[in-house]
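See below for the structure under consideration.
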Amino acid sequence: MSNLVRSPASRLAPREGDPASLLAPAKTLPDVVRNCDPDVPLLSGDPRWQDFSLARGDHSVAALERELEWRPKDRFVHATFVSHRGAGKSTEILRLTKRLSEAYEPVNIEATVEMDPFRIEAEDLLLNMALAVEQKMRERGTPLPVDLLKRVTGWFDEVVRTTKWAQNYNAEAAAGMDLKAELPFIGSLFGSLKALFKQESEYRTEVKQVLRKYPGTLLQSVNELLDAARELLGGRDLLVIVDNLDRYEPEVIDRLLVQGADRMRELRSNLLLTPPISLLLQPKSAQLDTLYSCHVLYTVRLRRPDQEYDAFNGPGRDLMEQALALRMNLDAVIPEREARDRLIAASGGAVRELLDLVIQAAFMARGTVITRDDVERAVAQRRQRMRDLINANGWLDALVKLARNKQIFPDKACMDVLFHRLAFKYNGDGWYDVHPLVAEIPEFVHARHDLLR
């Protein structure tokens, strides 16, 4: 998890043409912080993007692109794009959709922003999909037919009319508190439902229970909107992307995508989903890759599995340094090679970890540049937070075993450390290892030493 506290708005990607997406390399520490925000994925054409494919050892993005390009016209792609959190999925998705813009109209939904960040169910996703598609079509100047919107919203209104929430909502609307001329037709009722579903409440539970009585009609209503949108695209097709699903607990997404796979696969749209990687590695209800096509984005490999955690081997180290150079003038802000090497090695090859460490080092810098001492202070802070997390949850034994065998094993703690970015998977050969800073924690050092005696 990032050490920074950010507002929800900062998670949104910059828009095309926004100066934030065309930043020149930073020459001062304040600009370094602004230019390294790991929560802002890079749009296609952003000069800060770095190709890590040589060091990842996979071809997942190319394979996903071909699946979308080569799909039969009478079939939809329902794919998952998985990795450790912070590996760069959102950036790669934005670039992919730009390359496929002649064939697809992307509809992006940031799950943790648009919905409850802790709990998400089919009703949430279907409602947000309807809203996102309607908004996308309106923004591009080809709004969905009014009669269809009236029919769909009329069904929703009819179904939830008897609930306590609907009675209060209608009372407010009648008083003129909730109806504004500038709102799109679908926005009033659906927008209110969306706001209701984002927070736990008695009303939310009641409305969802009512909607669950009509699962087929709810799905059909959303499919009618999807069908109408495709007809208006003039030969192009929809690609609905639901990002940030990997930030939810695996059990939550298992219920949504695996137990609820039949409903998801009946959606008449191409889908790109980003579930937690643990659902692929340790299935709960069923195997994820038997229900969806799966594409895995690996962590950047910096060394061989038999080398120490501060060693470098292969192109990974140089590619990570090049990525930093695209965001900042390294000679001006991190002039010492030792400081750069320490940042890169301490990241474990995770792009988000690298950017977070750079930002923390900039905050802690005692001069106008980031020195090795500044980096060590940032590293110490991150390492201590990891240590507390590991000790509080009893994950030490799982981490030591993973580091020894370089493979995962059937234990919930093993999945937990992957979810919390305390361990990573590297390249197509498929080996795992702990985060380099975990390897510096005293309890880990002692336990590892005891095993080697």
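By order in the structure tokens, chains are A, B, ...; within a chain, residues start at 1; ligands start at 1, following the order shown.
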*asked:* as JSON, numbers by chain, please: every residue in region 277-434 of chain A that DSSP puts in helix (DSSP H, G or I).
replied: {"A": [278, 279, 280, 281, 288, 289, 290, 316, 317, 318, 319, 320, 321, 322, 323, 324, 325, 326, 327, 330, 331, 332, 333, 337, 338, 339, 340, 341, 342, 343, 344, 345, 346, 347, 351, 352, 353, 354, 355, 356, 357, 358, 359, 360, 361, 362, 363, 364, 372, 373, 374, 375, 376, 377, 378, 379, 380, 381, 382, 383, 384, 385, 386, 387, 388, 389, 390, 391, 392, 393, 396, 397, 398, 399, 400, 401, 402, 403, 404, 405, 412, 413, 414, 415, 416, 417, 418, 419]}
_Residues within 10 Å of region 208-211 of chain A, only C-alpha atoms, excluding chain neighbours under 6 positions, as a VMD selection string_ = chain A and resid 121 to 124 156 159 to 163 193 197 217 to 218
Since we have the selection now, will you write its residues out, keeping N, CA and C atoms, as a compact mmCIF listing (two decimals), in the first residue's frame?
```txt
# COMPACT_ATOMS: atom_id res chain seq x y z
N GLU A 121 -20.94 -6.30 -5.42
CA GLU A 121 -21.79 -7.41 -5.82
C GLU A 121 -22.29 -7.19 -7.24
N ALA A 122 -22.97 -8.19 -7.78
CA ALA A 122 -23.41 -8.11 -9.17
C ALA A 122 -24.30 -6.90 -9.41
N GLU A 123 -25.17 -6.59 -8.46
CA GLU A 123 -26.08 -5.45 -8.64
C GLU A 123 -25.31 -4.15 -8.77
N ASP A 124 -24.23 -4.00 -7.99
CA ASP A 124 -23.38 -2.80 -8.09
C ASP A 124 -22.78 -2.69 -9.48
N PHE A 156 -36.75 -0.23 -13.18
CA PHE A 156 -36.10 -0.05 -11.89
C PHE A 156 -37.04 0.64 -10.91
N VAL A 159 -39.75 -1.74 -9.66
CA VAL A 159 -39.26 -2.80 -8.77
C VAL A 159 -38.97 -2.27 -7.37
N VAL A 160 -38.36 -1.09 -7.27
CA VAL A 160 -37.92 -0.60 -5.95
C VAL A 160 -38.94 0.34 -5.31
N ARG A 161 -40.08 0.56 -5.97
CA ARG A 161 -41.03 1.56 -5.50
C ARG A 161 -41.53 1.30 -4.09
N THR A 162 -41.67 0.03 -3.72
CA THR A 162 -42.24 -0.30 -2.41
C THR A 162 -41.22 -0.23 -1.27
N THR A 163 -39.96 -0.01 -1.56
CA THR A 163 -38.95 0.01 -0.50
C THR A 163 -39.01 1.33 0.28
N LEU A 193 -29.37 5.54 -6.86
CA LEU A 193 -29.10 4.14 -6.52
C LEU A 193 -27.60 3.89 -6.37
N PHE A 197 -25.71 2.47 -3.07
CA PHE A 197 -24.95 1.22 -3.05
C PHE A 197 -23.51 1.40 -2.59
N THR A 217 -34.27 -10.20 -15.32
CA THR A 217 -34.74 -8.94 -15.87
C THR A 217 -33.69 -7.84 -15.70
N LEU A 218 -32.99 -7.85 -14.58
CA LEU A 218 -31.92 -6.87 -14.37
C LEU A 218 -30.83 -7.03 -15.42
```
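Non-sequential neighbours of Arg236 (chain A) (distance at most 7 Å, separation of 6 or more positions within a chain, only C-alpha atoms) are Glu102, Ala103, Tyr104 and Glu105 of chain A.
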Kindly provide the residues of region 192-309 of chain A that approach region 351-362 of chain A to within 12 Å, each paired with its closest atom pair and their distance in Å to one decimal, based on only C-alpha atoms, listed by chain and increasing number, as a tab-separated table.
```
residue	atom	partner	partner_atom	distance
A:Tyr298	CA	A:Val351	CA	11.1
A:Thr299	CA	A:Val351	CA	8.2
A:Val300	CA	A:Val351	CA	8.0
A:Arg301	CA	A:Val351	CA	11.2
A:Leu302	CA	A:Val351	CA	11.8
```
Write to file, as a tab-separated table (two decimals), in the first residue's frame, the residues of the selection just made, with C-alpha atoms.
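Saved result, part13.tsv, follows:
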```
chain	number	residue	atom	x	y	z
A	298	TYR	CA	4.70	-10.44	-14.12
A	299	THR	CA	6.92	-8.31	-11.90
A	300	VAL	CA	10.08	-6.87	-13.46
A	301	ARG	CA	12.93	-9.31	-12.81
A	302	LEU	CA	16.07	-7.67	-11.40
```
Kindly assemble as a tab-separated table a list of the region 232-334 of chain A residues that lie within 8 Å of region 37-49 of chain A, each paired with its nearest atom pair and their distance in Å to one decimal, using only C-alpha atoms, sorted first by chain and then by ascending residue number.
```
residue	atom	partner	partner_atom	distance
A:Ala323	CA	A:Arg48	CA	6.9
A:Leu326	CA	A:Arg48	CA	4.9
A:Arg327	CA	A:Arg48	CA	5.6
```
*asked:* Can you tell me which residues surround Val240 (chain A) at a distance of at most 7 Å, considering only C-alpha atoms, apart from same-chain residues fewer than 4 positions away, and format the answer as an MDAnalysis selection string?
replied: chainID A and resid 106:108 270:272
*Close residues, region 251-262 of chain A itself excluded, 12 Å, only C-alpha atoms, min 5 positions apart in chain, as a PyMOL selection string*: chain A and resi 78-80+111+116-126+215-216+219+242+244-246+267+271-280+282-292+412+415-416
*What lies within 7 Å of region 404-408 of chain A using only C-alpha atoms, ignoring chain neighbours under 2 positions off, as a count of residues only?*
7
*asked:* Which residues are near Leu127 (chain A)? Cut-off 8 Å, only C-alpha atoms, ignore same chain within fewer than 4 positions. Put them as a ChimeraX atom specification.
replied: /A:123,131,190,194,222
Dump of C-alpha atoms for the selected residues, as a compact mmCIF listing (two decimals), in the first residue's frame:
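This is the output file again-v3.txt:
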```txt
# COMPACT_ATOMS: atom_id res chain seq x y z
CA GLU A 123 -26.08 -5.45 -8.64
CA LEU A 131 -24.51 4.34 -16.02
CA PHE A 190 -29.65 5.57 -11.27
CA LYS A 194 -25.37 4.31 -7.19
CA VAL A 222 -28.38 -3.87 -18.96
```
*asked:* Report, in Å to a single decimal, how far apart CA of Ala346 (chain A) and CA of Pro442 (chain A) are.
replied: 16.0 Å
*Between A:Arg95, A:Arg377, A:Gln307, A:Arg340, which has the minimum distance to Gln322 (chain A) (counting only C-alpha atoms)?*
A:Arg340
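These are the residues of region 278-339 of chain A assigned strand (DSSP E) by DSSP from backbone coordinates: Ser293, Cys294, His295, Val296 and Leu297 of chain A.
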Just to be explicit: take each residue in the selection above, keep C-alpha atoms, and write the result as a tab-separated table (two decimals), in the first residue's frame.
```tsv
chain	number	residue	atom	x	y	z
A	293	SER	CA	-9.29	-16.10	-20.58
A	294	CYS	CA	-6.43	-15.11	-18.26
A	295	HIS	CA	-3.42	-12.93	-19.04
A	296	VAL	CA	-0.71	-12.50	-16.37
A	297	LEU	CA	1.59	-9.48	-16.07
```
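Separating CA of Glu376 (chain A) from CA of Ala403 (chain A) is a distance of 23.3 Å.
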